[in-house]
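Chemist: Next up, entry_39.cif (mmCIF, C-alpha atoms and all ligand atoms).
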```cif
data_query
#
loop_
_atom_site.group_PDB
_atom_site.id
_atom_site.type_symbol
_atom_site.label_atom_id
_atom_site.label_comp_id
_atom_site.auth_asym_id
_atom_site.auth_seq_id
_atom_site.Cartn_x
_atom_site.Cartn_y
_atom_site.Cartn_z
ATOM 1 C CA GLU A 53 10.265 -15.710 -4.888
ATOM 2 C CA GLY A 54 9.463 -19.165 -3.579
ATOM 3 C CA VAL A 55 7.223 -21.779 -5.145
ATOM 4 C CA GLY A 56 4.538 -21.569 -2.474
ATOM 5 C CA PRO A 57 1.773 -18.980 -2.450
ATOM 6 C CA GLN A 58 2.589 -15.500 -1.175
ATOM 7 C CA GLU A 59 0.428 -14.602 1.852
ATOM 8 C CA TYR A 60 -0.447 -10.918 1.782
ATOM 9 C CA THR A 61 -2.475 -8.784 4.121
ATOM 10 C CA ALA A 62 -5.066 -6.840 2.125
ATOM 11 C CA ILE A 63 -5.595 -3.424 3.733
ATOM 12 C CA LYS A 64 -8.945 -1.665 3.279
ATOM 13 C CA ALA A 65 -8.485 2.079 2.764
ATOM 14 C CA GLN A 66 -11.862 3.784 2.538
ATOM 15 C CA VAL A 67 -12.350 6.641 0.092
ATOM 16 C CA VAL A 68 -13.063 9.859 1.992
ATOM 17 C CA GLU A 69 -13.098 12.199 -1.008
ATOM 18 C CA TRP A 70 -12.647 11.272 -4.671
ATOM 19 C CA SER A 71 -10.445 13.338 -6.955
ATOM 20 C CA PRO A 72 -12.658 15.319 -9.390
ATOM 21 C CA ALA A 73 -11.795 12.947 -12.295
ATOM 22 C CA ALA A 74 -12.589 9.834 -10.249
ATOM 23 C CA LYS A 75 -15.803 11.349 -8.950
ATOM 24 C CA GLU A 76 -16.994 12.009 -12.461
ATOM 25 C CA ALA A 77 -15.989 8.530 -13.673
ATOM 26 C CA VAL A 78 -17.453 6.408 -10.889
ATOM 27 C CA GLU A 79 -19.868 8.168 -8.567
ATOM 28 C CA SER A 80 -23.018 7.420 -10.569
ATOM 29 C CA LYS A 81 -22.062 3.742 -10.921
ATOM 30 C CA ILE A 82 -21.359 2.594 -7.382
ATOM 31 C CA GLY A 83 -24.894 2.670 -6.013
ATOM 32 C CA GLY A 84 -23.965 4.687 -2.936
ATOM 33 C CA ARG A 85 -21.530 2.022 -1.699
ATOM 34 C CA LYS A 86 -18.521 2.831 0.431
ATOM 35 C CA VAL A 87 -15.463 2.230 -1.761
ATOM 36 C CA PHE A 88 -12.172 0.899 -0.364
ATOM 37 C CA LEU A 89 -8.838 0.907 -2.147
ATOM 38 C CA VAL A 90 -7.383 -2.517 -1.326
ATOM 39 C CA ALA A 91 -3.584 -2.603 -0.893
ATOM 40 C CA ALA A 92 -1.602 -5.850 -0.599
ATOM 41 C CA THR A 93 1.272 -5.758 1.884
ATOM 42 C CA LEU A 94 3.847 -8.180 3.296
ATOM 43 C CA ARG A 95 4.565 -5.820 6.212
ATOM 44 C CA PRO A 96 1.321 -5.351 8.178
ATOM 45 C CA GLU A 97 3.333 -4.232 11.229
ATOM 46 C CA THR A 98 4.364 -1.082 9.333
ATOM 47 C CA MET A 99 0.829 0.180 8.699
ATOM 48 C CA TYR A 100 1.212 2.728 11.528
ATOM 49 C CA GLY A 101 3.512 4.651 9.188
ATOM 50 C CA GLN A 102 1.404 5.023 6.043
ATOM 51 C CA THR A 103 1.873 8.490 4.545
ATOM 52 C CA ASN A 104 0.127 8.004 1.180
ATOM 53 C CA CYS A 105 -0.982 5.277 -1.220
ATOM 54 C CA PHE A 106 0.353 4.447 -4.696
ATOM 55 C CA VAL A 107 -1.375 3.397 -7.904
ATOM 56 C CA GLY A 108 0.132 2.851 -11.355
ATOM 57 C CA PRO A 109 -1.043 5.812 -13.480
ATOM 58 C CA SER A 110 -1.561 3.698 -16.611
ATOM 59 C CA ILE A 111 -2.999 0.638 -14.879
ATOM 60 C CA LYS A 112 -6.717 -0.091 -15.353
ATOM 61 C CA TYR A 113 -8.577 -0.673 -12.101
ATOM 62 C CA GLY A 114 -12.067 -1.877 -11.434
ATOM 63 C CA ILE A 115 -14.531 -1.202 -8.651
ATOM 64 C CA PHE A 116 -16.137 -4.450 -7.560
ATOM 65 C CA ALA A 117 -19.275 -4.831 -5.443
ATOM 66 C CA ILE A 118 -18.718 -6.937 -2.331
ATOM 67 C CA ASN A 119 -22.282 -6.500 -1.085
ATOM 68 C CA ASP A 120 -24.901 -3.722 -1.118
ATOM 69 C CA GLU A 121 -22.810 -1.542 1.195
ATOM 70 C CA GLU A 122 -19.199 -2.021 0.130
ATOM 71 C CA ALA A 123 -17.078 -2.113 -3.028
ATOM 72 C CA TYR A 124 -13.343 -2.714 -3.542
ATOM 73 C CA LEU A 125 -11.010 -0.918 -5.939
ATOM 74 C CA CYS A 126 -8.221 -3.142 -7.321
ATOM 75 C CA THR A 127 -7.153 -4.826 -10.560
ATOM 76 C CA HIS A 128 -9.555 -7.223 -12.256
ATOM 77 C CA ARG A 129 -7.001 -9.982 -11.767
ATOM 78 C CA ALA A 130 -6.959 -9.424 -7.986
ATOM 79 C CA ALA A 131 -10.762 -9.298 -7.821
ATOM 80 C CA ARG A 132 -10.908 -12.719 -9.498
ATOM 81 C CA ASN A 133 -8.414 -14.145 -7.011
ATOM 82 C CA MET A 134 -10.383 -12.652 -4.131
ATOM 83 C CA ALA A 135 -13.604 -14.122 -5.480
ATOM 84 C CA PHE A 136 -12.104 -17.608 -5.467
ATOM 85 C CA GLN A 137 -10.756 -17.024 -1.956
ATOM 86 C CA GLY A 138 -14.267 -16.388 -0.690
ATOM 87 C CA VAL A 139 -14.147 -12.590 -0.361
ATOM 88 C CA THR A 140 -17.244 -12.229 -2.564
ATOM 89 C CA ASN A 141 -20.614 -13.859 -2.086
ATOM 90 C CA PRO A 142 -21.389 -16.200 -3.761
ATOM 91 C CA ARG A 143 -17.806 -17.450 -3.983
ATOM 92 C CA GLY A 144 -16.242 -17.190 -7.443
ATOM 93 C CA THR A 145 -18.499 -14.406 -8.718
ATOM 94 C CA ILE A 146 -17.438 -10.854 -9.434
ATOM 95 C CA ASN A 147 -19.636 -7.840 -10.060
ATOM 96 C CA GLN A 148 -17.701 -4.984 -11.632
ATOM 97 C CA LEU A 149 -19.464 -1.656 -11.180
ATOM 98 C CA ALA A 150 -16.971 0.670 -12.857
ATOM 99 C CA GLU A 151 -13.593 0.835 -14.539
ATOM 100 C CA ILE A 152 -11.062 3.598 -13.935
ATOM 101 C CA GLU A 153 -7.519 4.415 -14.987
ATOM 102 C CA GLY A 154 -4.966 4.916 -12.206
ATOM 103 C CA SER A 155 -4.147 8.471 -13.325
ATOM 104 C CA LYS A 156 -7.724 9.530 -12.509
ATOM 105 C CA ILE A 157 -7.544 8.200 -8.933
ATOM 106 C CA ILE A 158 -4.543 10.397 -8.050
ATOM 107 C CA GLY A 159 -5.461 13.054 -5.492
ATOM 108 C CA THR A 160 -8.212 10.955 -3.930
ATOM 109 C CA LYS A 161 -8.229 11.202 -0.134
ATOM 110 C CA ILE A 162 -8.504 7.901 1.759
ATOM 111 C CA LYS A 163 -8.489 6.605 5.314
ATOM 112 C CA ALA A 164 -5.288 4.718 6.157
ATOM 113 C CA PRO A 165 -6.241 2.114 8.757
ATOM 114 C CA PHE A 166 -3.949 1.939 11.830
ATOM 115 C CA SER A 167 -1.877 4.855 10.562
ATOM 116 C CA ILE A 168 -0.684 7.642 12.831
ATOM 117 C CA ASN A 169 -1.761 9.877 9.900
ATOM 118 C CA PRO A 170 -5.426 8.864 9.660
ATOM 119 C CA GLU A 171 -6.034 10.302 6.168
ATOM 120 C CA VAL A 172 -3.641 10.214 3.225
ATOM 121 C CA TYR A 173 -3.660 10.860 -0.557
ATOM 122 C CA VAL A 174 -3.324 8.602 -3.573
ATOM 123 C CA LEU A 175 -0.163 9.303 -5.598
ATOM 124 C CA PRO A 176 1.433 7.841 -8.774
ATOM 125 C CA MET A 177 4.276 5.279 -8.787
ATOM 126 C CA ASP A 178 5.854 4.120 -12.045
ATOM 127 C CA ASN A 179 6.990 0.742 -10.690
ATOM 128 C CA VAL A 180 3.619 -0.641 -9.617
ATOM 129 C CA LEU A 181 3.184 -4.000 -11.347
ATOM 130 C CA PRO A 182 -0.330 -4.771 -12.616
ATOM 131 C CA THR A 183 0.484 -8.477 -12.221
ATOM 132 C CA LYS A 184 1.219 -8.480 -8.497
ATOM 133 C CA GLY A 185 -1.030 -8.096 -5.467
ATOM 134 C CA THR A 186 -3.959 -5.762 -6.021
ATOM 135 C CA GLY A 187 -2.083 -3.134 -8.072
ATOM 136 C CA VAL A 188 -2.515 -0.764 -5.117
ATOM 137 C CA VAL A 189 0.495 -0.219 -2.821
ATOM 138 C CA THR A 190 0.198 1.502 0.503
ATOM 139 C CA SER A 191 3.225 3.656 1.147
ATOM 140 C CA VAL A 192 5.434 3.409 4.227
ATOM 141 C CA PRO A 193 8.514 5.509 3.416
ATOM 142 C CA SER A 194 10.171 4.863 6.808
ATOM 143 C CA ASP A 195 10.603 1.147 6.037
ATOM 144 C CA SER A 196 10.237 0.697 2.275
ATOM 145 C CA PRO A 197 13.039 2.116 0.083
ATOM 146 C CA ASP A 198 10.749 2.060 -2.983
ATOM 147 C CA ASP A 199 8.102 4.059 -1.167
ATOM 148 C CA TYR A 200 10.639 6.532 0.230
ATOM 149 C CA GLN A 201 12.380 7.168 -3.080
ATOM 150 C CA THR A 202 9.111 7.557 -4.964
ATOM 151 C CA LEU A 203 7.855 10.053 -2.393
ATOM 152 C CA MET A 204 11.106 12.041 -2.758
ATOM 153 C CA ASP A 205 10.762 12.005 -6.579
ATOM 154 C CA LEU A 206 7.210 13.307 -6.281
ATOM 155 C CA ARG A 207 8.285 16.122 -3.958
ATOM 156 C CA LYS A 208 11.128 17.139 -6.299
ATOM 157 C CA LYS A 209 8.996 17.099 -9.443
ATOM 158 C CA ALA A 210 5.430 17.711 -8.315
ATOM 159 C CA GLU A 211 4.553 19.571 -11.490
ATOM 160 C CA TYR A 212 5.948 16.864 -13.784
ATOM 161 C CA TYR A 213 3.947 14.236 -11.921
ATOM 162 C CA LYS A 214 0.846 16.484 -11.949
ATOM 163 C CA ILE A 215 0.305 16.361 -8.214
ATOM 164 C CA ASP A 216 -0.499 19.016 -5.651
ATOM 165 C CA PRO A 217 2.636 19.199 -3.424
ATOM 166 C CA SER A 218 0.454 19.083 -0.303
ATOM 167 C CA TRP A 219 -0.535 15.488 -1.180
ATOM 168 C CA ALA A 220 3.094 14.390 -0.699
ATOM 169 C CA SER A 221 3.786 16.449 2.417
ATOM 170 C CA LEU A 222 3.618 13.804 5.147
ATOM 171 C CA ASP A 223 7.079 12.772 6.380
ATOM 172 C CA PRO A 224 8.285 9.221 7.149
ATOM 173 C CA VAL A 225 7.272 8.180 10.666
ATOM 174 C CA PRO A 226 9.751 6.296 12.909
ATOM 175 C CA LEU A 227 8.105 2.888 13.523
ATOM 176 C CA ILE A 228 10.819 0.291 13.921
ATOM 177 C CA SER A 229 14.292 0.557 15.374
ATOM 178 C CA THR A 230 17.217 -1.583 14.234
ATOM 179 C CA PRO A 231 20.691 -1.529 15.829
ATOM 180 C CA THR A 232 22.506 -0.844 12.536
ATOM 181 C CA TYR A 233 20.154 1.599 10.775
ATOM 182 C CA GLY A 234 18.341 3.470 13.543
ATOM 183 C CA ASP A 235 14.648 4.247 13.323
ATOM 184 C CA LEU A 236 14.263 5.308 9.684
ATOM 185 C CA ILE A 237 15.876 2.427 7.806
ATOM 186 C CA ALA A 238 14.607 3.203 4.306
ATOM 187 C CA PRO A 239 15.703 6.877 4.172
ATOM 188 C CA THR A 240 19.039 5.863 5.748
ATOM 189 C CA LEU A 241 19.681 3.139 3.168
ATOM 190 C CA CYS A 242 18.612 5.313 0.212
ATOM 191 C CA LYS A 243 21.048 8.040 1.320
ATOM 192 C CA GLN A 244 23.919 5.602 2.072
ATOM 193 C CA MET A 245 23.482 3.906 -1.288
ATOM 194 C CA LYS A 246 23.122 7.273 -3.088
ATOM 195 C CA ILE A 247 19.861 6.261 -4.722
ATOM 196 C CA GLN A 248 18.692 9.152 -6.944
ATOM 197 C CA SER A 249 15.285 8.130 -8.238
ATOM 198 C CA GLN A 250 12.690 5.366 -8.426
ATOM 199 C CA LYS A 251 14.362 4.396 -11.715
ATOM 200 C CA ASP A 252 17.430 3.084 -9.798
ATOM 201 C CA THR A 253 15.746 -0.292 -9.575
ATOM 202 C CA LYS A 254 18.921 -2.342 -9.082
ATOM 203 C CA GLN A 255 20.032 -0.438 -5.961
ATOM 204 C CA LEU A 256 16.448 -0.251 -4.735
ATOM 205 C CA THR A 257 16.142 -4.035 -4.884
ATOM 206 C CA GLU A 258 19.305 -4.340 -2.812
ATOM 207 C CA ALA A 259 18.098 -1.728 -0.294
ATOM 208 C CA LYS A 260 14.723 -3.489 -0.087
ATOM 209 C CA ASP A 261 16.395 -6.814 0.738
ATOM 210 C CA VAL A 262 18.542 -5.262 3.475
ATOM 211 C CA ALA A 263 15.588 -3.332 4.965
ATOM 212 C CA TYR A 264 13.353 -6.384 4.915
ATOM 213 C CA LYS A 265 15.853 -8.702 6.621
ATOM 214 C CA GLU A 266 17.100 -6.126 9.132
ATOM 215 C CA GLY A 267 13.569 -5.116 10.074
ATOM 216 C CA PHE A 268 12.352 -8.677 10.440
ATOM 217 C CA TYR A 269 15.296 -10.199 12.340
ATOM 218 C CA ASN A 270 16.622 -7.211 14.312
ATOM 219 C CA GLY A 271 13.743 -4.724 14.467
ATOM 220 C CA THR A 272 11.866 -3.545 17.560
ATOM 221 C CA MET A 273 8.470 -1.832 17.398
ATOM 222 C CA LEU A 274 8.505 1.836 18.509
ATOM 223 C CA VAL A 275 4.743 2.420 18.201
ATOM 224 C CA GLY A 276 1.350 0.763 18.439
ATOM 225 C CA GLU A 277 -0.249 -1.971 20.489
ATOM 226 C CA PHE A 278 2.932 -4.106 20.445
ATOM 227 C CA LYS A 279 5.438 -1.349 21.143
ATOM 228 C CA GLY A 280 8.690 -2.776 22.580
ATOM 229 C CA GLU A 281 8.183 -6.201 21.004
ATOM 230 C CA SER A 282 10.324 -7.636 18.225
ATOM 231 C CA VAL A 283 9.010 -7.232 14.683
ATOM 232 C CA GLN A 284 9.002 -11.008 14.351
ATOM 233 C CA ASP A 285 6.550 -11.293 17.259
ATOM 234 C CA ALA A 286 4.501 -8.207 16.434
ATOM 235 C CA LYS A 287 3.945 -8.924 12.729
ATOM 236 C CA PRO A 288 1.320 -11.713 13.057
ATOM 237 C CA LYS A 289 -0.307 -9.935 16.008
ATOM 238 C CA VAL A 290 -0.803 -6.659 14.128
ATOM 239 C CA ARG A 291 -2.175 -8.629 11.183
ATOM 240 C CA GLU A 292 -4.661 -10.491 13.358
ATOM 241 C CA SER A 293 -5.727 -7.301 15.099
ATOM 242 C CA MET A 294 -6.412 -5.538 11.782
ATOM 243 C CA ILE A 295 -8.364 -8.511 10.455
ATOM 244 C CA LYS A 296 -10.406 -8.783 13.658
ATOM 245 C CA GLN A 297 -11.345 -5.098 13.400
ATOM 246 C CA GLY A 298 -12.501 -5.564 9.805
ATOM 247 C CA LEU A 299 -9.751 -3.289 8.464
ATOM 248 C CA ALA A 300 -7.947 -6.015 6.517
ATOM 249 C CA PHE A 301 -8.312 -9.568 5.189
ATOM 250 C CA ALA A 302 -6.042 -12.380 4.074
ATOM 251 C CA TYR A 303 -5.159 -12.458 0.382
ATOM 252 C CA ALA A 304 -2.895 -15.007 -1.302
ATOM 253 C CA GLU A 305 -1.569 -15.524 -4.817
HETATM 254 B B1 LIG B 401 5.119 -3.852 0.976
HETATM 255 P P1 LIG B 401 6.524 -9.202 -3.307
HETATM 256 CL CL1 LIG B 401 7.153 -1.103 4.686
HETATM 257 N N1 LIG B 401 3.805 -3.624 -7.570
HETATM 258 O O1 LIG B 401 4.164 -3.215 1.888
HETATM 259 C C1 LIG B 401 4.906 -3.263 -6.866
HETATM 260 N N2 LIG B 401 5.019 -3.445 -5.529
HETATM 261 C C2 LIG B 401 3.995 -3.996 -4.894
HETATM 262 C C3 LIG B 401 2.811 -4.397 -5.552
HETATM 263 C C4 LIG B 401 2.738 -4.181 -6.953
HETATM 264 N N3 LIG B 401 1.659 -4.514 -7.665
HETATM 265 N N4 LIG B 401 1.955 -4.913 -4.643
HETATM 266 C C5 LIG B 401 2.571 -4.836 -3.459
HETATM 267 N N5 LIG B 401 3.805 -4.288 -3.584
HETATM 268 C C6 LIG B 401 4.794 -3.999 -2.550
HETATM 269 C C7 LIG B 401 4.835 -2.298 2.806
HETATM 270 C C8 LIG B 401 6.275 -2.649 2.661
HETATM 271 C C9 LIG B 401 6.467 -3.556 1.628
HETATM 272 C C10 LIG B 401 7.353 -2.236 3.441
HETATM 273 C C11 LIG B 401 8.612 -2.724 3.156
HETATM 274 C C12 LIG B 401 8.802 -3.613 2.120
HETATM 275 C C13 LIG B 401 7.711 -4.036 1.334
HETATM 276 C C14 LIG B 401 4.523 -0.875 2.449
HETATM 277 N N6 LIG B 401 4.676 -0.580 1.057
HETATM 278 O O2 LIG B 401 7.843 -4.904 0.320
HETATM 279 O O3 LIG B 401 7.198 -8.979 -4.626
HETATM 280 C C15 LIG B 401 4.210 -3.973 -1.169
HETATM 281 O O4 LIG B 401 5.006 -3.196 -0.309
HETATM 282 C C16 LIG B 401 9.129 -5.440 0.049
HETATM 283 C C17 LIG B 401 9.065 -6.906 -0.221
HETATM 284 O O5 LIG B 401 5.212 -9.891 -3.401
HETATM 285 C C18 LIG B 401 4.353 -5.409 -0.637
HETATM 286 O O6 LIG B 401 4.731 -5.253 0.748
HETATM 287 O O7 LIG B 401 7.492 -9.797 -2.365
HETATM 288 C C19 LIG B 401 5.473 -5.963 -1.476
HETATM 289 O O8 LIG B 401 5.737 -5.041 -2.546
HETATM 290 C C20 LIG B 401 5.156 -7.309 -2.088
HETATM 291 O O9 LIG B 401 6.266 -7.700 -2.829
#
```
Translate the structure described by the file into structure tokens.
Ligand code: A2H

Modeler:
Amino acid sequence: EGVGPQEYTAIKAQVVEWSPAAKEAVESKIGGRKVFLVAATLRPETMYGQTNCFVGPSIKYGIFAINDEEAYLCTHRAARNMAFQGVTNPRGTINQLAEIEGSKIIGTKIKAPFSINPEVYVLPMDNVLPTKGTGVVTSVPSDSPDDYQTLMDLRKKAEYYKIDPSWASLDPVPLISTPTYGDLIAPTLCKQMKIQSQKDTKQLTEAKDVAYKEGFYNGTMLVGEFKGESVQDAKPKVRESMIKQGLAFAYAE
């Protein structure tokens, strides 16, 4: 990583239906606000292909009031950063309404803004870092090797991960075409590199680097408002469009 700040796009995924454990833990504390899981991404142009969302099962999350109508679910660390970036009013203040462990959020149904699959489920991922972004990762298995491999692990061992198999049933969506890897770069790379599980972090890092560079420099959009344009051109345009529609905001750290 470079020395400068990382510019993320923070995606607002509204809760449609809490898991029973989350409902019990938070519903009485949020004052009737709409709650959004906030996911930090570096690939806003891939949001058409969200199939689920990931949280770290042992990470502690907070629900923070933004105003009387809305609250955001993310790590406390991210809420502080947001507060100093002017997301809360007054700037610099945070108002935590509830605390909840990631494991309890699993199975919650959320809206996935811009996605071809409009509603998706929250699932567990072991490799979510509490110290990066918001601690919430939206999953795009077509273009992210980590997301793809984790989704495959969950499908293989649904019982072990304590998930309902139907929550992991959405397939990767072709979004971006590259000359070398076709239109599902992450599944292609994971198979070529014989990646077995989300624990193969060394190969996954390599696959992630290839997918990121190939997508950015050689990718063409197959879907959405900027279909036919290069990823390089479409990326800032998709970001701006999401922000303008109130579905995302800028987040840096
Ligand atoms: B990206 P960087 Cl399609 N822990 O979004 C682990 N990973 C996290 C995270 C956390 N706390 N917060 C964000 N991320 C993921 C889309 C995507 C991403 C695609 C392809 C590659 C990719 C959909 N998931 O990232 O270390 C998020 O996943 C590869 C770089 O700050 C975020 O963008 O560079 C990216 O890692 C940020 O990673």

Chemist: Would you mind listing what lies within 12 Å of Gln255 (chain A) as a list of chain:residue names, with all atoms listed in the file counted and same-chain residues fewer than 2 positions away left out?

Modeler: A:Pro197, A:Asp198, A:Gln201, A:Leu241, A:Cys242, A:Lys243, A:Gln244, A:Met245, A:Lys246, A:Ile247, A:Gln248, A:Ser249, A:Gln250, A:Lys251, A:Asp252, A:Thr253, A:Thr257, A:Glu258, A:Ala259, A:Lys260, A:Asp261, A:Val262

Chemist: Can you pull out every residue within 12 Å of Gly101 (chain A), counting only C-alpha atoms, but drop anything in the same chain fewer than 5 positions away, and send it as a ChimeraX atom specification?

Modeler: /A:95-96,164-172,190-196,199-200,222-228,235-236,273-276

Chemist: Mind pulling up the distance from CA of Leu149 (chain A) to CA of Ser80 (chain A)?

Modeler: 9.8 Å

Chemist: Excluding Ile146 (chain A) and residues on its chain fewer than 2 positions from it, collect all residues at most 12 Å away from it, counting only C-alpha atoms, and give them as number ranges by chain.

Modeler: A: 114-119, 123-124, 127-144, 148-149

Chemist: For the atom pair CA of Thr160 (chain A) and CA of Val67 (chain A), what is the interatomic distance in Å to one decimal place?

Modeler: 7.2 Å

Chemist: What does the distance between atom O5 of ligand LIG 401 (chain B) and CA of Pro239 (chain A) come to in Å, to one decimal place?

Modeler: 21.2 Å

Chemist: Quick one: everything within 6 Å of Ala304 (chain A), counting all atoms listed in the file, minus sequence neighbours fewer than 3 positions away in the same chain. Send it as an NGL selection string.

Modeler: :A and (58-60)

Chemist: Need the axis-aligned box for ligand LIG 401 (chain B) with 6 Å each side, so what are the centre and edges in Å to one decimal, as JSON?

Modeler:
```
{"center_x": 5.4, "center_y": -5.2, "center_z": -1.5, "size_x": 19.5, "size_y": 21.3, "size_z": 24.4}
```

Chemist: Let me know the residues the PyMOL selection byres (((chain A and resi 104) around 7) and not hetatm) catches in the file above, as a list in words.

Modeler: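 Given this file, the PyMOL selection byres (((chain A and resi 104) around 7) and not hetatm) evaluates to Gln102, Thr103, Cys105, Phe106, Val172, Tyr173, Val174, Leu175, Thr190 and Ser191 of chain A.
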
Chemist: Counting only C-alpha atoms and all ligand atoms, which residue out of A:Leu203, A:Cys126, A:Ala74, A:Val188 sits closest to ligand LIG 401 (chain B)?

Modeler: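 Looking at the shortest contact to ligand LIG 401 (chain B), the residue is A:Val188.
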